[in-house]
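*Asks:* Let me give you the structure first, and then I'll get to my questions.
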Amino acid sequence: MNDILSIKDITKNYYTKEGVIKALDKISFDIKQGEIISLVGPSGCGKSTLLSILSNLDKDYSGNILSKDNLKVAYMFQSNALFPWLTIYDNATLGLKITNNMTKDNLEYVDYLFNLYNLNEFKNSYPRSLSGGMMQRVG
Ligand SMILES: Nc1ncnc2c1ncn2[C@@H]1O[C@H](COP(=O)(O)OP(=O)(O)OP(=O)(O)O)[C@@H](O)[C@H]1O
Ligand SMILES: [Mg+2]
């Protein structure tokens with residue numbers, strides 16, 4: 001078996017004052033090593049909900065998720081989710097900072113990415129002064 005991720009019967013309900021919203025109803029699929037998968041569907045069909053579950057941000061669901069040991073999940077949010085009070089450099093390195101991973105190698109990689117995404121000259125700018133696409137790239 002070369003599945004890196006196998007999800008089975010994922011079901012998710014949101015409980016609101018207005019009632020129960022069934023966002024996911026028994027979703028199942030497998031992802032193999034090297035595969036690129038697109039989740040396509042109309043607005044509100046549950047794509048973001050599923051991504052939140054797969055990235056372990058939402059633990060309130062039923063069903064099973066089997067993943068390869070040590071699978072790392074990176075998730076770029078639909079909205080850029082940047083903190084407005086931090087520069088884009090501080091936003092980009094916040095995860096490293098709070099996990100105590102501000103190592104020389106990691107910070108060099110951050111510099112590499114800032115160059116790759118043409119954001120170098122904006123490192124000390126705040127999100128409000130960036131374009132939508134730039135904010136997405138910071139995210
Ligand atoms: N926090 C929440 N509380 C209550 N209902 C929610 C919440 N988040 C999402 N929903 C509902 O769950 C359903 C799925 O939402 P979701 O955001 O996963 O859709 P989506 O497929 O990502 O849509 P879009 O393409 O517009 O981004 C929608 O009916 C939405 O109203
Ligand atoms: Mg969405």
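Here, A, B, ... name the chains of the structure tokens in the order displayed, residue numbers run from 1 inside each chain, and ligands are numbered from 1 in the same displayed order.
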Pick out the residues no farther than 7 Å from ligand 1, counting only C-alpha atoms and all ligand atoms, and list them as a short mmCIF file (atom, residue, chain, number, x, y, z; two decimals) with N, CA and C atoms, in the first residue's frame.

*Replies:*
```cif
data_model
loop_
_atom_site.label_atom_id
_atom_site.label_comp_id
_atom_site.auth_asym_id
_atom_site.auth_seq_id
_atom_site.Cartn_x
_atom_site.Cartn_y
_atom_site.Cartn_z
N TYR A 14 -22.06 20.96 11.68
CA TYR A 14 -21.92 22.19 12.46
C TYR A 14 -23.25 22.40 13.17
N TYR A 15 -23.16 22.68 14.45
CA TYR A 15 -24.37 22.92 15.24
C TYR A 15 -24.50 24.42 15.46
N THR A 16 -25.51 25.00 14.88
CA THR A 16 -25.71 26.45 15.00
C THR A 16 -27.06 26.72 15.66
N ILE A 21 -25.99 21.89 10.42
CA ILE A 21 -25.55 21.94 9.02
C ILE A 21 -24.66 20.73 8.78
N LYS A 22 -25.09 19.87 7.89
CA LYS A 22 -24.26 18.71 7.56
C LYS A 22 -23.28 19.15 6.47
N ALA A 23 -22.05 19.41 6.88
CA ALA A 23 -21.06 19.94 5.92
C ALA A 23 -20.40 18.81 5.14
N GLY A 41 -15.95 21.59 -6.18
CA GLY A 41 -17.37 21.52 -5.85
C GLY A 41 -17.91 22.91 -5.60
N PRO A 42 -19.22 23.05 -5.61
CA PRO A 42 -19.83 24.37 -5.45
C PRO A 42 -19.53 24.99 -4.09
N SER A 43 -19.68 26.28 -4.04
CA SER A 43 -19.47 27.02 -2.79
C SER A 43 -20.34 26.43 -1.68
N GLY A 44 -19.70 26.16 -0.55
CA GLY A 44 -20.45 25.65 0.59
C GLY A 44 -20.55 24.14 0.63
N CYS A 45 -19.88 23.45 -0.29
CA CYS A 45 -20.04 21.98 -0.32
C CYS A 45 -19.15 21.28 0.70
N GLY A 46 -18.22 22.01 1.35
CA GLY A 46 -17.45 21.39 2.43
C GLY A 46 -15.96 21.26 2.17
N LYS A 47 -15.42 21.88 1.14
CA LYS A 47 -13.99 21.75 0.82
C LYS A 47 -13.11 22.25 1.96
N SER A 48 -13.37 23.48 2.41
CA SER A 48 -12.54 24.05 3.48
C SER A 48 -12.70 23.25 4.77
N THR A 49 -13.92 22.79 5.01
CA THR A 49 -14.16 21.98 6.21
C THR A 49 -13.28 20.73 6.18
N LEU A 50 -13.23 20.09 5.03
CA LEU A 50 -12.41 18.88 4.92
C LEU A 50 -10.93 19.19 5.11
N GLN A 78 -7.98 29.76 3.01
CA GLN A 78 -8.70 30.43 1.93
C GLN A 78 -8.54 31.96 2.05
#
```

*Asks:* Using only C-alpha atoms, determine which residues lie at most 10 Å from Arg137 of chain A, disregarding the query and same-chain residues fewer than 4 positions distant; provide the list as number ranges by chain.

*Replies:* A: 76, 80, 113-114, 117-119, 131-133

*Asks:* From the DSSP assignment of the backbone, select every residue of chain A that is strand (DSSP E or B), and format the answer as number ranges by chain.

*Replies:* A: 3-16, 19-32, 62-67

*Asks:* Just write the chosen residues, N, CA and C atoms, as a short mmCIF file (atom, residue, chain, number, x, y, z; two decimals), in the first residue's frame.

*Replies:*
```cif
data_model
loop_
_atom_site.label_atom_id
_atom_site.label_comp_id
_atom_site.auth_asym_id
_atom_site.auth_seq_id
_atom_site.Cartn_x
_atom_site.Cartn_y
_atom_site.Cartn_z
N ASP A 3 -0.50 4.38 -0.15
CA ASP A 3 -1.32 5.54 0.21
C ASP A 3 -0.60 6.32 1.31
N ILE A 4 -0.56 7.64 1.14
CA ILE A 4 -0.01 8.42 2.25
C ILE A 4 -1.14 8.94 3.14
N LEU A 5 -2.33 8.96 2.56
CA LEU A 5 -3.48 9.42 3.33
C LEU A 5 -4.71 8.65 2.88
N SER A 6 -5.44 8.15 3.83
CA SER A 6 -6.63 7.39 3.51
C SER A 6 -7.75 7.88 4.41
N ILE A 7 -8.78 8.43 3.81
CA ILE A 7 -9.87 8.92 4.65
C ILE A 7 -11.14 8.13 4.36
N LYS A 8 -11.86 7.87 5.43
CA LYS A 8 -12.99 6.94 5.31
C LYS A 8 -14.19 7.50 6.09
N ASP A 9 -15.27 7.71 5.35
CA ASP A 9 -16.56 8.09 5.97
C ASP A 9 -16.48 9.32 6.86
N ILE A 10 -15.76 10.33 6.38
CA ILE A 10 -15.68 11.55 7.19
C ILE A 10 -17.02 12.29 7.15
N THR A 11 -17.54 12.53 8.32
CA THR A 11 -18.82 13.22 8.47
C THR A 11 -18.63 14.37 9.44
N LYS A 12 -19.17 15.51 9.08
CA LYS A 12 -19.01 16.68 9.94
C LYS A 12 -20.30 17.48 9.99
N ASN A 13 -20.76 17.72 11.18
CA ASN A 13 -21.94 18.58 11.37
C ASN A 13 -21.52 19.84 12.10
N TYR A 14 -22.06 20.96 11.68
CA TYR A 14 -21.92 22.19 12.46
C TYR A 14 -23.25 22.40 13.17
N TYR A 15 -23.16 22.68 14.45
CA TYR A 15 -24.37 22.92 15.24
C TYR A 15 -24.50 24.42 15.46
N THR A 16 -25.51 25.00 14.88
CA THR A 16 -25.71 26.45 15.00
C THR A 16 -27.06 26.72 15.66
N GLY A 19 -29.81 25.57 13.59
CA GLY A 19 -29.98 24.13 13.35
C GLY A 19 -28.67 23.46 12.99
N VAL A 20 -28.77 22.23 12.52
CA VAL A 20 -27.58 21.45 12.20
C VAL A 20 -27.26 21.60 10.71
N ILE A 21 -25.99 21.89 10.42
CA ILE A 21 -25.55 21.94 9.02
C ILE A 21 -24.66 20.73 8.78
N LYS A 22 -25.09 19.87 7.89
CA LYS A 22 -24.26 18.71 7.56
C LYS A 22 -23.28 19.15 6.47
N ALA A 23 -22.05 19.41 6.88
CA ALA A 23 -21.06 19.94 5.92
C ALA A 23 -20.40 18.81 5.14
N LEU A 24 -20.19 17.67 5.77
CA LEU A 24 -19.59 16.51 5.09
C LEU A 24 -20.39 15.27 5.46
N ASP A 25 -20.68 14.46 4.45
CA ASP A 25 -21.49 13.28 4.69
C ASP A 25 -20.77 12.05 4.12
N LYS A 26 -20.04 11.37 4.98
CA LYS A 26 -19.36 10.12 4.61
C LYS A 26 -18.45 10.27 3.39
N ILE A 27 -17.48 11.13 3.52
CA ILE A 27 -16.52 11.34 2.43
C ILE A 27 -15.37 10.34 2.58
N SER A 28 -15.04 9.68 1.49
CA SER A 28 -13.93 8.71 1.52
C SER A 28 -13.07 8.85 0.27
N PHE A 29 -11.77 8.86 0.44
CA PHE A 29 -10.85 8.70 -0.70
C PHE A 29 -9.44 8.48 -0.18
N ASP A 30 -8.57 8.05 -1.08
CA ASP A 30 -7.18 7.79 -0.72
C ASP A 30 -6.27 8.68 -1.56
N ILE A 31 -5.14 9.04 -1.00
CA ILE A 31 -4.14 9.79 -1.76
C ILE A 31 -2.84 9.00 -1.73
N LYS A 32 -2.28 8.78 -2.92
CA LYS A 32 -1.02 8.04 -3.01
C LYS A 32 0.16 9.00 -3.06
N SER A 62 -16.62 12.73 12.62
CA SER A 62 -16.60 11.28 12.77
C SER A 62 -16.02 10.68 11.49
N GLY A 63 -15.56 9.44 11.59
CA GLY A 63 -14.88 8.78 10.46
C GLY A 63 -13.43 8.55 10.81
N ASN A 64 -12.70 7.99 9.85
CA ASN A 64 -11.31 7.65 10.13
C ASN A 64 -10.35 8.29 9.14
N ILE A 65 -9.23 8.72 9.67
CA ILE A 65 -8.15 9.24 8.81
C ILE A 65 -6.90 8.44 9.14
N LEU A 66 -6.39 7.76 8.12
CA LEU A 66 -5.14 7.03 8.31
C LEU A 66 -4.08 7.75 7.50
N SER A 67 -2.96 8.07 8.14
CA SER A 67 -1.90 8.73 7.38
C SER A 67 -0.58 8.04 7.64
#
```

*Asks:* So how many Å separate atom CA of Leu130 of chain A and atom CA of Phe77 of chain A, to one decimal?

*Replies:*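 Distance reported for this atom pair: 17.0 Å.
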
*Asks:* Return the single residue from A:Ile37, A:Tyr89, A:Lys72, A:Ser79 that is closest to ligand 2, with distances computed using only C-alpha atoms and all ligand atoms.

*Replies:*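 Of A:Ile37, A:Tyr89, A:Lys72, A:Ser79, the one nearest ligand 2, counting only C-alpha atoms and all ligand atoms, is A:Ser79.
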